[in-house]
$ cat work-v7.csv   # CSV, C-alpha atoms and all ligand atoms
chain,number,residue,atom,x,y,z
H,9,MET,CA,-161.5,121.0,14.5
H,10,LYS,CA,-162.3,124.7,14.7
H,11,LYS,CA,-165.7,126.1,13.8
H,12,LEU,CA,-165.0,129.0,11.3
H,13,PHE,CA,-168.5,129.8,10.1
H,14,SER,CA,-171.9,128.9,11.5
H,15,ARG,CA,-175.3,130.5,12.6
H,16,PRO,CA,-174.3,133.4,14.9
H,17,GLU,CA,-175.7,133.7,18.4
H,18,GLY,CA,-177.2,137.0,17.4
H,19,LEU,CA,-179.9,134.9,15.7
H,20,THR,CA,-182.3,132.5,17.5
H,21,ASP,CA,-182.6,128.9,16.5
H,22,THR,CA,-186.0,129.6,14.9
H,23,LEU,CA,-185.9,128.7,11.2
H,24,MET,CA,-186.7,131.7,9.0
H,25,ARG,CA,-189.9,131.5,7.0
H,26,TYR,CA,-188.6,133.4,3.9
H,27,CYS,CA,-188.8,131.9,0.4
H,28,PRO,CA,-185.8,130.0,-0.9
H,29,GLY,CA,-183.1,132.5,-2.1
H,30,CYS,CA,-184.7,135.5,-0.3
H,31,GLY,CA,-182.2,138.3,0.5
H,32,HIS,CA,-183.7,139.0,3.9
H,33,GLY,CA,-182.0,136.0,5.4
H,34,ILE,CA,-178.5,137.1,4.3
H,35,VAL,CA,-179.0,140.5,5.9
H,36,HIS,CA,-180.3,138.9,9.1
H,37,ARG,CA,-177.2,136.7,9.3
H,38,ILE,CA,-175.0,139.7,9.0
H,39,ILE,CA,-176.8,141.6,11.7
H,40,GLY,CA,-176.8,138.6,13.9
H,41,GLU,CA,-173.0,138.4,13.6
H,42,LEU,CA,-172.5,142.1,14.3
H,43,LEU,CA,-174.6,142.0,17.5
H,44,ILE,CA,-172.0,139.5,18.8
H,45,GLU,CA,-168.8,141.0,17.2
H,46,LEU,CA,-169.7,144.5,18.6
H,47,GLY,CA,-170.7,143.1,22.0
H,48,ILE,CA,-174.1,144.9,21.8
H,49,ARG,CA,-176.6,142.1,21.7
H,50,GLU,CA,-177.9,142.5,25.3
H,51,ARG,CA,-178.5,146.3,24.9
H,52,THR,CA,-179.9,146.2,21.4
H,53,VAL,CA,-183.6,146.9,20.5
H,54,GLY,CA,-184.5,146.0,16.9
H,55,ILE,CA,-187.6,147.2,15.1
H,56,ALA,CA,-189.4,144.7,12.8
H,57,PRO,CA,-191.4,146.3,10.0
H,58,VAL,CA,-194.6,145.3,8.3
H,59,GLY,CA,-193.7,143.1,5.4
H,60,CYS,CA,-192.1,139.7,4.9
H,61,SER,CA,-189.8,140.5,7.8
H,62,VAL,CA,-192.7,141.2,10.2
H,63,PHE,CA,-191.6,138.0,12.0
H,64,ALA,CA,-188.0,139.3,12.5
H,65,ASP,CA,-188.7,139.5,16.2
H,66,GLU,CA,-188.6,135.7,16.2
H,67,TYR,CA,-185.3,135.6,14.4
H,68,PHE,CA,-183.1,138.2,16.1
H,69,ASN,CA,-181.7,137.2,19.5
H,70,CYS,CA,-182.2,140.7,21.0
H,71,ASP,CA,-185.2,142.7,22.2
H,72,MET,CA,-187.6,143.5,19.4
H,73,ILE,CA,-190.7,145.6,18.8
H,74,GLN,CA,-193.1,145.5,15.9
H,75,PRO,CA,-194.7,148.9,15.5
H,76,PRO,CA,-197.4,150.0,12.9
H,77,HIS,CA,-196.5,150.0,9.2
H,78,GLY,CA,-193.7,152.4,8.3
H,79,ARG,CA,-193.3,153.9,11.8
H,80,GLY,CA,-190.0,152.2,12.6
H,81,PRO,CA,-187.9,155.4,12.5
H,82,ALA,CA,-190.3,157.2,14.8
H,83,VAL,CA,-190.5,154.4,17.3
H,84,SER,CA,-186.7,153.9,17.1
H,85,ALA,CA,-186.2,157.6,17.8
H,86,GLY,CA,-188.5,157.4,20.8
H,87,ILE,CA,-186.7,154.4,22.3
H,88,LYS,CA,-183.3,155.9,21.7
H,89,ARG,CA,-184.2,159.2,23.3
H,90,ALA,CA,-185.8,157.4,26.3
H,91,ARG,CA,-183.0,154.8,26.7
H,92,PRO,CA,-179.8,156.3,25.0
H,93,GLU,CA,-177.7,153.4,26.3
H,94,CYS,CA,-179.7,151.1,24.0
H,95,ILE,CA,-178.6,150.4,20.4
H,96,VAL,CA,-181.6,150.7,18.2
H,97,PHE,CA,-182.0,149.5,14.7
H,98,SER,CA,-185.0,149.9,12.4
H,99,TYR,CA,-185.3,147.1,9.8
H,100,GLN,CA,-187.6,148.0,7.0
H,101,GLY,CA,-188.6,147.0,3.5
H,102,ASP,CA,-189.2,149.4,0.6
H,103,GLY,CA,-193.0,149.3,0.9
H,104,ASP,CA,-192.7,150.0,4.6
H,105,LEU,CA,-190.1,152.7,4.4
H,106,GLY,CA,-190.7,154.3,1.0
H,107,SER,CA,-194.5,154.2,0.8
H,108,ILE,CA,-196.5,154.4,4.0
H,109,GLY,CA,-193.5,155.4,6.1
H,110,THR,CA,-192.0,158.1,3.9
H,111,ALA,CA,-192.7,160.9,6.3
H,112,ALA,CA,-191.3,159.0,9.3
H,113,ILE,CA,-188.0,158.3,7.6
H,114,ILE,CA,-187.5,161.8,6.2
H,115,HIS,CA,-188.1,163.5,9.5
H,116,ALA,CA,-185.9,161.0,11.5
H,117,ALA,CA,-183.1,161.7,9.0
H,118,ALA,CA,-183.6,165.5,9.1
H,119,ARG,CA,-183.6,165.4,12.9
H,120,SER,CA,-180.4,163.2,12.7
H,121,GLU,CA,-181.9,160.8,15.3
H,122,ASN,CA,-179.0,158.6,16.5
H,123,ILE,CA,-180.5,155.4,15.1
H,124,THR,CA,-179.4,152.8,12.5
H,125,VAL,CA,-181.8,152.0,9.7
H,126,VAL,CA,-181.5,148.8,7.6
H,127,PHE,CA,-183.5,149.4,4.4
H,128,ILE,CA,-184.2,146.3,2.3
H,129,ASN,CA,-184.9,147.4,-1.2
H,130,ASN,CA,-186.3,144.5,-3.3
H,131,ALA,CA,-188.3,146.8,-5.6
H,132,ILE,CA,-191.6,145.2,-4.6
H,133,PHE,CA,-194.2,144.6,-2.0
H,134,GLY,CA,-193.1,141.1,-1.2
H,135,MET,CA,-195.5,140.0,1.6
H,136,THR,CA,-198.8,141.1,0.0
H,137,GLY,CA,-198.2,139.4,-3.3
H,138,GLY,CA,-195.7,141.2,-5.5
H,139,GLN,CA,-197.5,144.5,-6.0
H,140,MET,CA,-195.7,147.6,-7.4
H,141,ALA,CA,-193.7,149.5,-4.8
H,142,PRO,CA,-192.4,153.1,-5.0
H,143,THR,CA,-189.0,151.4,-5.8
H,144,THR,CA,-190.3,149.2,-8.7
H,145,LEU,CA,-188.1,149.9,-11.7
H,146,PRO,CA,-189.4,151.5,-14.9
H,147,GLY,CA,-190.7,148.7,-17.1
H,148,MET,CA,-190.6,146.2,-14.3
H,149,LYS,CA,-193.6,143.8,-14.1
H,150,SER,CA,-195.5,143.3,-10.9
H,151,THR,CA,-199.0,142.1,-10.1
H,152,THR,CA,-200.3,145.6,-10.2
H,153,SER,CA,-198.2,146.6,-13.3
H,154,PRO,CA,-198.6,143.5,-15.4
H,155,LYS,CA,-197.4,145.3,-18.5
H,156,GLY,CA,-194.5,146.9,-16.7
H,157,ARG,CA,-194.2,150.1,-14.7
H,158,ASP,CA,-195.2,153.0,-17.0
H,159,VAL,CA,-193.6,156.1,-15.6
H,160,ARG,CA,-196.1,158.4,-17.2
H,161,LYS,CA,-198.9,156.5,-15.5
H,162,HIS,CA,-197.3,155.2,-12.3
H,163,GLY,CA,-194.6,157.8,-11.7
H,164,TYR,CA,-190.9,157.3,-11.2
H,165,PRO,CA,-189.1,155.1,-8.6
H,166,MET,CA,-187.9,156.7,-5.4
H,167,LYS,CA,-184.1,156.7,-4.8
H,168,VAL,CA,-184.0,156.8,-1.1
H,169,CYS,CA,-180.2,157.3,-0.5
H,170,GLU,CA,-180.1,160.1,-3.1
H,171,MET,CA,-183.2,161.7,-1.6
H,172,LEU,CA,-181.9,161.5,2.0
H,173,ALA,CA,-178.5,162.8,0.9
H,174,SER,CA,-180.3,166.1,0.1
H,175,LEU,CA,-180.8,166.6,3.8
H,176,ASP,CA,-178.1,167.9,6.2
H,177,GLY,CA,-179.2,165.4,9.0
H,178,PRO,CA,-177.8,162.1,7.9
H,179,TYR,CA,-174.3,161.1,9.1
H,180,TYR,CA,-173.8,158.1,7.0
H,181,LEU,CA,-175.7,156.7,3.9
H,182,GLU,CA,-174.6,153.8,1.7
H,183,ARG,CA,-176.3,151.6,-0.9
H,184,CYS,CA,-175.1,148.0,-0.9
H,185,ALA,CA,-176.3,144.7,-2.4
H,186,VAL,CA,-176.3,141.0,-1.4
H,187,ASP,CA,-176.0,139.4,-4.8
H,188,THR,CA,-172.4,138.3,-4.7
H,189,VAL,CA,-169.8,137.3,-2.1
H,190,LYS,CA,-168.0,140.5,-2.6
H,191,ASN,CA,-171.1,142.6,-2.1
H,192,VAL,CA,-172.2,140.6,0.9
H,193,VAL,CA,-168.8,141.3,2.5
H,194,LYS,CA,-169.2,145.0,1.6
H,195,THR,CA,-172.7,145.0,3.1
H,196,LYS,CA,-171.3,143.7,6.4
H,197,LYS,CA,-168.6,146.3,6.4
H,198,ALA,CA,-171.2,149.1,5.9
H,199,LEU,CA,-173.5,147.7,8.6
H,200,LYS,CA,-170.5,147.5,11.0
H,201,ILE,CA,-169.7,151.2,10.3
H,202,VAL,CA,-173.2,152.3,11.1
H,203,PHE,CA,-173.7,150.3,14.3
H,204,GLN,CA,-170.3,151.7,15.4
H,205,ASN,CA,-171.5,155.2,14.5
H,206,GLN,CA,-174.5,154.8,16.8
H,207,ILE,CA,-172.3,153.6,19.6
H,208,ASP,CA,-170.2,156.7,19.1
H,209,ASP,CA,-173.3,158.9,19.1
H,210,LYS,CA,-172.9,160.2,15.5
H,211,GLY,CA,-176.5,160.6,14.4
H,212,PHE,CA,-178.7,159.2,11.7
H,213,CYS,CA,-177.3,156.4,9.5
H,214,LEU,CA,-179.0,154.3,6.9
H,215,ILE,CA,-177.8,151.4,4.8
H,216,GLU,CA,-179.9,150.5,1.8
H,217,ILE,CA,-179.5,146.9,0.6
H,218,LEU,CA,-180.6,145.7,-2.9
H,219,SER,CA,-182.0,142.3,-2.0
H,220,MET,CA,-183.5,139.4,-4.0
H,221,CYS,CA,-187.2,138.6,-4.0
H,222,PRO,CA,-187.3,135.6,-6.3
H,223,THR,CA,-191.0,135.0,-5.6
H,224,GLY,CA,-192.2,138.6,-6.2
H,225,TRP,CA,-190.0,138.9,-9.3
H,226,GLY,CA,-191.1,135.6,-10.8
H,227,GLN,CA,-187.5,134.4,-11.0
H,228,THR,CA,-185.4,131.5,-9.7
H,229,PRO,CA,-183.1,132.4,-6.8
H,230,VAL,CA,-180.1,132.3,-9.2
H,231,GLN,CA,-181.9,134.4,-11.8
H,232,ALA,CA,-182.8,136.9,-9.1
H,233,LYS,CA,-179.3,137.4,-7.9
H,234,LYS,CA,-178.1,138.0,-11.4
H,235,TRP,CA,-180.9,140.4,-12.0
H,236,THR,CA,-180.0,142.3,-8.8
H,237,GLY,CA,-176.4,142.7,-10.1
H,238,GLU,CA,-177.2,143.4,-13.8
H,239,VAL,CA,-180.5,145.3,-13.8
H,240,MET,CA,-181.2,146.6,-10.3
H,241,SER,CA,-177.7,147.9,-9.5
H,242,ALA,CA,-177.6,149.7,-12.9
H,243,TYR,CA,-180.6,151.8,-11.8
H,244,TYR,CA,-179.7,152.0,-8.1
H,245,SER,CA,-176.0,152.8,-8.1
H,246,LEU,CA,-174.1,151.2,-5.2
H,247,GLY,CA,-171.8,153.4,-3.1
H,248,VAL,CA,-171.5,155.8,-0.2
H,249,TYR,CA,-173.9,158.8,-0.5
H,250,ARG,CA,-172.9,160.5,2.8
H,251,ASP,CA,-170.0,160.0,5.2
H,252,ARG,CA,-169.6,162.9,7.6
H,253,SER,CA,-166.5,161.3,9.1
H,254,LYS,CA,-164.7,162.2,5.9
H,255,GLU,CA,-165.7,165.8,6.0
H,256,ALA,CA,-163.4,168.6,7.3
H,257,LYS,CA,-163.6,168.9,11.1
Z,24,MET,CA,-158.6,119.3,6.6
Z,25,PRO,CA,-161.5,121.6,6.1
Z,26,GLU,CA,-165.0,120.4,6.5
Z,27,VAL,CA,-168.3,121.8,5.3
Z,28,LYS,CA,-171.6,120.6,6.9
Z,29,ILE,CA,-174.9,121.3,5.1
Z,30,LEU,CA,-177.8,121.3,7.6
Z,31,ASP,CA,-180.2,119.3,5.3
Z,32,GLU,CA,-183.4,120.3,7.2
Z,33,VAL,CA,-182.5,124.0,7.2
Z,34,CYS,CA,-181.5,124.2,3.5
Z,35,LYS,CA,-184.2,125.4,1.1
Z,36,GLY,CA,-182.4,124.2,-2.0
Z,37,CYS,CA,-182.2,127.7,-3.4
Z,38,GLY,CA,-178.9,126.9,-5.2
Z,39,LEU,CA,-177.3,130.3,-4.4
Z,40,CYS,CA,-174.2,128.5,-2.9
Z,41,CYS,CA,-173.9,126.3,-6.0
Z,42,ASP,CA,-173.7,129.1,-8.6
Z,43,ASP,CA,-170.4,130.8,-9.2
Z,44,VAL,CA,-169.6,131.1,-5.5
Z,45,CYS,CA,-167.2,128.3,-4.5
Z,46,PRO,CA,-163.7,128.8,-5.8
Z,47,VAL,CA,-163.3,125.1,-6.4
Z,48,ASP,CA,-166.9,124.5,-7.5
Z,49,ILE,CA,-167.7,121.6,-5.2
Z,50,LEU,CA,-171.3,122.4,-4.3
Z,51,ILE,CA,-174.4,121.0,-6.1
Z,52,LEU,CA,-178.0,120.4,-5.2
Z,53,ALA,CA,-178.4,116.7,-4.3
Z,54,PRO,CA,-180.2,115.3,-7.4
Z,55,ASP,CA,-181.6,112.2,-5.8
Z,56,ARG,CA,-182.6,113.3,-2.3
Z,57,ILE,CA,-185.1,115.7,-0.7
Z,58,ASN,CA,-185.6,117.0,2.9
Z,59,SER,CA,-188.8,116.9,4.8
Z,60,SER,CA,-189.9,120.2,3.2
Z,61,GLY,CA,-189.4,118.8,-0.2
Z,62,TYR,CA,-186.2,120.7,-1.1
Z,63,HIS,CA,-183.2,119.2,-2.7
Z,64,PRO,CA,-180.5,120.2,-0.2
Z,65,ALA,CA,-177.0,121.3,-1.2
Z,66,MET,CA,-174.2,118.8,-1.0
Z,67,ILE,CA,-170.4,118.7,-1.4
Z,68,THR,CA,-169.0,116.7,-4.2
Z,69,ASP,CA,-165.3,116.6,-3.1
Z,70,MET,CA,-164.5,117.7,0.4
Z,71,GLU,CA,-160.8,117.4,0.0
Z,72,GLN,CA,-160.7,120.4,-2.3
Z,73,CYS,CA,-162.4,122.7,0.1
Z,74,LYS,CA,-160.5,125.8,1.1
Z,75,ALA,CA,-162.6,126.7,4.1
Z,76,CYS,CA,-163.1,130.2,2.6
Z,77,GLY,CA,-166.7,130.4,3.9
Z,78,PHE,CA,-168.1,131.9,0.7
Z,79,CYS,CA,-170.9,129.3,0.5
Z,80,TYR,CA,-171.9,130.3,4.1
Z,81,MET,CA,-171.9,134.0,3.3
Z,82,VAL,CA,-174.4,133.8,0.5
Z,83,CYS,CA,-176.7,131.3,2.2
Z,84,PRO,CA,-179.9,133.0,3.4
Z,85,GLU,CA,-180.7,130.4,6.1
Z,86,PRO,CA,-177.7,129.9,6.9
Z,87,ALA,CA,-177.7,126.2,6.4
Z,88,ILE,CA,-173.9,125.8,6.1
Z,89,GLU,CA,-171.2,125.4,8.7
Z,90,VAL,CA,-167.5,125.5,7.9
Z,91,TYR,CA,-164.8,123.9,10.0
Z,92,LYS,CA,-161.1,123.6,9.8
Q,301,LIG,C1,-201.7,150.0,7.5
Q,301,LIG,C2,-201.4,148.9,6.5
Q,301,LIG,N1,-201.5,149.2,5.2
Q,301,LIG,C3,-201.2,148.2,4.3
Q,301,LIG,C4,-200.8,146.9,4.8
Q,301,LIG,C5,-200.5,145.8,3.8
Q,301,LIG,N2,-199.1,145.6,3.7
Q,301,LIG,C6,-198.5,144.6,4.4
Q,301,LIG,S1,-196.9,144.4,4.0
Q,301,LIG,C7,-196.9,145.7,2.9
Q,301,LIG,C8,-195.7,146.1,2.1
Q,301,LIG,C9,-194.6,145.1,2.2
Q,301,LIG,O1,-193.6,145.5,1.3
Q,301,LIG,P1,-192.1,145.8,1.8
Q,301,LIG,O2,-192.1,146.8,2.9
Q,301,LIG,O3,-191.4,146.2,0.6
Q,301,LIG,O4,-191.6,144.4,2.4
Q,301,LIG,P2,-191.2,143.1,1.7
Q,301,LIG,O5,-192.3,142.1,2.0
Q,301,LIG,O6,-191.0,143.3,0.3
Q,301,LIG,O7,-189.9,142.7,2.4
Q,301,LIG,C10,-198.2,146.2,2.8
Q,301,LIG,C11,-198.6,147.3,1.9
Q,301,LIG,C12,-200.8,146.7,6.2
Q,301,LIG,N3,-200.4,145.6,6.7
Q,301,LIG,N4,-201.1,147.7,7.0
Q,302,LIG,S1,-192.0,137.2,-1.0
Q,302,LIG,FE1,-189.9,138.0,-1.6
Q,302,LIG,S2,-189.3,139.2,0.2
Q,302,LIG,FE2,-191.0,137.9,0.9
Q,302,LIG,S3,-190.0,136.1,1.7
Q,302,LIG,FE3,-190.5,135.7,-0.5
Q,302,LIG,S4,-188.6,136.2,-1.6
Q,302,LIG,FE4,-188.5,137.1,0.4
Q,303,LIG,S1,-165.9,126.9,2.2
Q,303,LIG,FE1,-165.2,127.8,0.3
Q,303,LIG,S2,-164.1,126.2,-0.8
Q,303,LIG,FE2,-165.3,125.2,0.9
Q,303,LIG,S3,-167.2,124.5,-0.1
Q,303,LIG,FE3,-167.6,126.6,0.8
Q,303,LIG,S4,-167.1,128.0,-0.9
Q,303,LIG,FE4,-166.2,126.0,-1.5
Q,304,LIG,S1,-177.4,128.7,-0.2
Q,304,LIG,FE1,-178.1,127.7,1.7
Q,304,LIG,S2,-180.3,127.3,1.5
Q,304,LIG,FE2,-179.5,127.7,-0.6
Q,304,LIG,S3,-178.9,125.7,-1.4
Q,304,LIG,FE3,-177.1,126.5,-0.4
Q,304,LIG,S4,-177.2,125.6,1.6
Q,304,LIG,FE4,-179.2,125.4,0.8
Q,305,MG,MG,-190.1,145.1,-0.6
$ encode --input "work-v7.csv" --output "structure tokens"
Amino acid sequence: MKKLFSRPEGLTDTLMRYCPGCGHGIVHRIIGELLIELGIRERTVGIAPVGCSVFADEYFNCDMIQPPHGRGPAVSAGIKRARPECIVFSYQGDGDLGSIGTAAIIHAAARSENITVVFINNAIFGMTGGQMAPTTLPGMKSTTSPKGRDVRKHGYPMKVCEMLASLDGPYYLERCAVDTVKNVVKTKKALKIVFQNQIDDKGFCLIEILSMCPTGWGQTPVQAKKWTGEVMSAYYSLGVYRDRSKEAK
Amino acid sequence: MPEVKILDEVCKGCGLCCDDVCPVDILILAPDRINSSGYHPAMITDMEQCKACGFCYMVCPEPAIEVYK
């Protein structure tokens, strides 16, 4: 009997400590597969963020670093410049990337650093207890917006792909989701493109992934995946925001 | 014949694989069994129908599913 699908060697045997139904695990599995499929595991350096995936260094079977909150893009850029033969990915949540780390991500994108950013947008600060993030939807309840996000009081959500697409630096930007089989397959395809772009020295690439946080959202895992498809994807449109390979040479 | 193995101790009973994922709808959460973490693990109701498509594996966050053929 042939094994068709099982835990990839790009992940360690350590069981992940995410909540049931958390989207982080699906994205970890995809990256773990790509490290093997692209033959880059031994020369890859991953950057774990501050957030629920702070322990990602225990889960990915490659070299990992865990820098200060939000500084993944800056640290990735440093590693990539010092060791260009390494494949460097910065794995970040929306609190990490879109709040404390906003300056780091914008400047890495503007400089078109040859790094791969995996941006997990779950519209909330998951790790610290479900507080409002820059990405929390208008009207969405969180522990710090119990009556729902009021845009006049709390401001508007940040759309990271759209914002970075205003810069010339990025080579590839796409927003995906992990709520359905079809979208999980698309997410893997997008991540494969951006890891390959880094191998080909193309410059800054980011994949934003709409990801379930059942605990922070106060929903069951099945409710959370439906909410991702019906509500979150309606506000954060899925699609490719930049693809320089398609532009006239 | 295809075979799906659910790793009971890795499964967190989230139910994502049981909801509108399997083309032949043969996954449920075991109603009368829990693992050592207290979760009802997923189980297959009728292995013979399995298509070995791997969809259940693809949506599993752990992943606690292995598919063989
Ligand atoms: C300098 C600093 N400020 C604040 C915190 C508290 N903190 C820890 S994780 C986090 C945000 C996590 O949210 P996100 O990046 O969206 O990750 P998630 O847990 O949702 O995956 C914050 C504010 C910290 N650890 N260090
Ligand atoms: S709090 Fe949210 S993001 Fe963090 S592990 Fe739980 S479900 Fe995942
Ligand atoms: S491999 Fe496909 S057909 Fe078999 S149980 Fe999983 S989803 Fe169903
Ligand atoms: S998706 Fe994975 S963790 Fe969730 S119930 Fe199915 S096998 Fe268990
Ligand atoms: Mg978050």
$ residues_near_ligand --input "work-v7.csv" --ligand "ligand LIG 304 (chain Q)" --cutoff "7 Å" --atoms "all atoms listed in the file" --output "compact mmCIF listing (two decimals) with C-alpha atoms, keeping the file's coordinate frame"
# COMPACT_ATOMS: atom_id res chain seq x y z
CA PRO H 28 -185.80 130.00 -0.90
CA GLY H 29 -183.10 132.50 -2.10
CA ILE Z 29 -174.90 121.30 5.10
CA VAL Z 33 -182.50 124.00 7.20
CA CYS Z 34 -181.50 124.20 3.50
CA LYS Z 35 -184.20 125.40 1.10
CA GLY Z 36 -182.40 124.20 -2.00
CA CYS Z 37 -182.20 127.70 -3.40
CA GLY Z 38 -178.90 126.90 -5.20
CA LEU Z 39 -177.30 130.30 -4.40
CA CYS Z 40 -174.20 128.50 -2.90
CA CYS Z 41 -173.90 126.30 -6.00
CA LEU Z 52 -178.00 120.40 -5.20
CA PRO Z 64 -180.50 120.20 -0.20
CA ALA Z 65 -177.00 121.30 -1.20
CA CYS Z 79 -170.90 129.30 0.50
CA VAL Z 82 -174.40 133.80 0.50
CA CYS Z 83 -176.70 131.30 2.20
CA PRO Z 84 -179.90 133.00 3.40
CA GLU Z 85 -180.70 130.40 6.10
CA PRO Z 86 -177.70 129.90 6.90
CA ALA Z 87 -177.70 126.20 6.40
CA ILE Z 88 -173.90 125.80 6.10
$ residues_near_ligand --input "work-v7.csv" --ligand "ligand LIG 301 (chain Q)" --cutoff "10 Å" --atoms "all atoms listed in the file" --output "PDB file with C-alpha atoms, in the coordinates of the input"
ATOM      1  CA  TYR H  26    -188.600 133.400   3.900  1.00  0.00           C
ATOM      2  CA  CYS H  30    -184.700 135.500  -0.300  1.00  0.00           C
ATOM      3  CA  GLY H  31    -182.200 138.300   0.500  1.00  0.00           C
ATOM      4  CA  HIS H  32    -183.700 139.000   3.900  1.00  0.00           C
ATOM      5  CA  PRO H  57    -191.400 146.300  10.000  1.00  0.00           C
ATOM      6  CA  VAL H  58    -194.600 145.300   8.300  1.00  0.00           C
ATOM      7  CA  GLY H  59    -193.700 143.100   5.400  1.00  0.00           C
ATOM      8  CA  CYS H  60    -192.100 139.700   4.900  1.00  0.00           C
ATOM      9  CA  SER H  61    -189.800 140.500   7.800  1.00  0.00           C
ATOM     10  CA  VAL H  62    -192.700 141.200  10.200  1.00  0.00           C
ATOM     11  CA  PRO H  76    -197.400 150.000  12.900  1.00  0.00           C
ATOM     12  CA  HIS H  77    -196.500 150.000   9.200  1.00  0.00           C
ATOM     13  CA  GLY H  78    -193.700 152.400   8.300  1.00  0.00           C
ATOM     14  CA  TYR H  99    -185.300 147.100   9.800  1.00  0.00           C
ATOM     15  CA  GLN H 100    -187.600 148.000   7.000  1.00  0.00           C
ATOM     16  CA  GLY H 101    -188.600 147.000   3.500  1.00  0.00           C
ATOM     17  CA  ASP H 102    -189.200 149.400   0.600  1.00  0.00           C
ATOM     18  CA  GLY H 103    -193.000 149.300   0.900  1.00  0.00           C
ATOM     19  CA  ASP H 104    -192.700 150.000   4.600  1.00  0.00           C
ATOM     20  CA  LEU H 105    -190.100 152.700   4.400  1.00  0.00           C
ATOM     21  CA  GLY H 106    -190.700 154.300   1.000  1.00  0.00           C
ATOM     22  CA  SER H 107    -194.500 154.200   0.800  1.00  0.00           C
ATOM     23  CA  ILE H 108    -196.500 154.400   4.000  1.00  0.00           C
ATOM     24  CA  GLY H 109    -193.500 155.400   6.100  1.00  0.00           C
ATOM     25  CA  PHE H 127    -183.500 149.400   4.400  1.00  0.00           C
ATOM     26  CA  ILE H 128    -184.200 146.300   2.300  1.00  0.00           C
ATOM     27  CA  ASN H 129    -184.900 147.400  -1.200  1.00  0.00           C
ATOM     28  CA  ASN H 130    -186.300 144.500  -3.300  1.00  0.00           C
ATOM     29  CA  ALA H 131    -188.300 146.800  -5.600  1.00  0.00           C
ATOM     30  CA  ILE H 132    -191.600 145.200  -4.600  1.00  0.00           C
ATOM     31  CA  PHE H 133    -194.200 144.600  -2.000  1.00  0.00           C
ATOM     32  CA  GLY H 134    -193.100 141.100  -1.200  1.00  0.00           C
ATOM     33  CA  MET H 135    -195.500 140.000   1.600  1.00  0.00           C
ATOM     34  CA  THR H 136    -198.800 141.100   0.000  1.00  0.00           C
ATOM     35  CA  GLY H 137    -198.200 139.400  -3.300  1.00  0.00           C
ATOM     36  CA  GLY H 138    -195.700 141.200  -5.500  1.00  0.00           C
ATOM     37  CA  GLN H 139    -197.500 144.500  -6.000  1.00  0.00           C
ATOM     38  CA  MET H 140    -195.700 147.600  -7.400  1.00  0.00           C
ATOM     39  CA  ALA H 141    -193.700 149.500  -4.800  1.00  0.00           C
ATOM     40  CA  PRO H 142    -192.400 153.100  -5.000  1.00  0.00           C
ATOM     41  CA  THR H 143    -189.000 151.400  -5.800  1.00  0.00           C
ATOM     42  CA  THR H 144    -190.300 149.200  -8.700  1.00  0.00           C
ATOM     43  CA  SER H 219    -182.000 142.300  -2.000  1.00  0.00           C
ATOM     44  CA  MET H 220    -183.500 139.400  -4.000  1.00  0.00           C
ATOM     45  CA  CYS H 221    -187.200 138.600  -4.000  1.00  0.00           C
ATOM     46  CA  GLY H 224    -192.200 138.600  -6.200  1.00  0.00           C
TER      47      GLY H 224
END
$ residues_around --input "work-v7.csv" --residues "Z:Gly77" --least-positions-apart "6" --cutoff "8 Å" --atoms "all atoms listed in the file" --output "list in words"
Leu12 and Phe13 of chain H; Val90 of chain Z
$ residues_near_ligand --input "work-v7.csv" --ligand "ligand LIG 303 (chain Q)" --cutoff "7 Å" --atoms "only C-alpha atoms and all ligand atoms" --output "VMD selection string"
chain Z and resid 27 44 to 50 67 72 to 80 90
$ residues_around --input "work-v7.csv" --residues "H:Arg183" --least-positions-apart "5" --cutoff "8 Å" --atoms "only C-alpha atoms" --output "list of chain:residue names"
H:Cys169, H:Ile215, H:Glu216, H:Ile217, H:Leu218, H:Tyr244, H:Ser245, H:Leu246, H:Gly247, H:Val248, H:Tyr249
$ closest_residue --input "work-v7.csv" --among "H:Gly40, H:Gly54, H:Gly33, H:Gly147" --to "ligand LIG 302 (chain Q)" --atoms "only C-alpha atoms and all ligand atoms"
H:Gly33
$ interface_residues --input "work-v7.csv" --of "chain H" --to "chain Z" --cutoff "10 Å" --atoms "all atoms listed in the file" --output "PyMOL selection string"
chain H and resi 9-16+23-38+186-193+222+228-233
$ atom_distance --input "work-v7.csv" --atom1 "atom CA of H:Leu181" --atom2 "atom CA of H:Glu45"
21.7 Å
$ residues_around --input "work-v7.csv" --residues "H:Ile95" --least-positions-apart "3" --cutoff "8 Å" --atoms "only C-alpha atoms" --output "PyMOL selection string"
chain H and resi 48+51-53+88+92+123+203+206-207
$ atom_distance --input "work-v7.csv" --atom1 "atom FE3 of ligand LIG 302 (chain Q)" --atom2 "atom CA of H:Thr236"
14.9 Å
$ atom_distance --input "work-v7.csv" --atom1 "atom CA of Z:Arg56" --atom2 "atom CA of H:Lys234"
26.7 Å
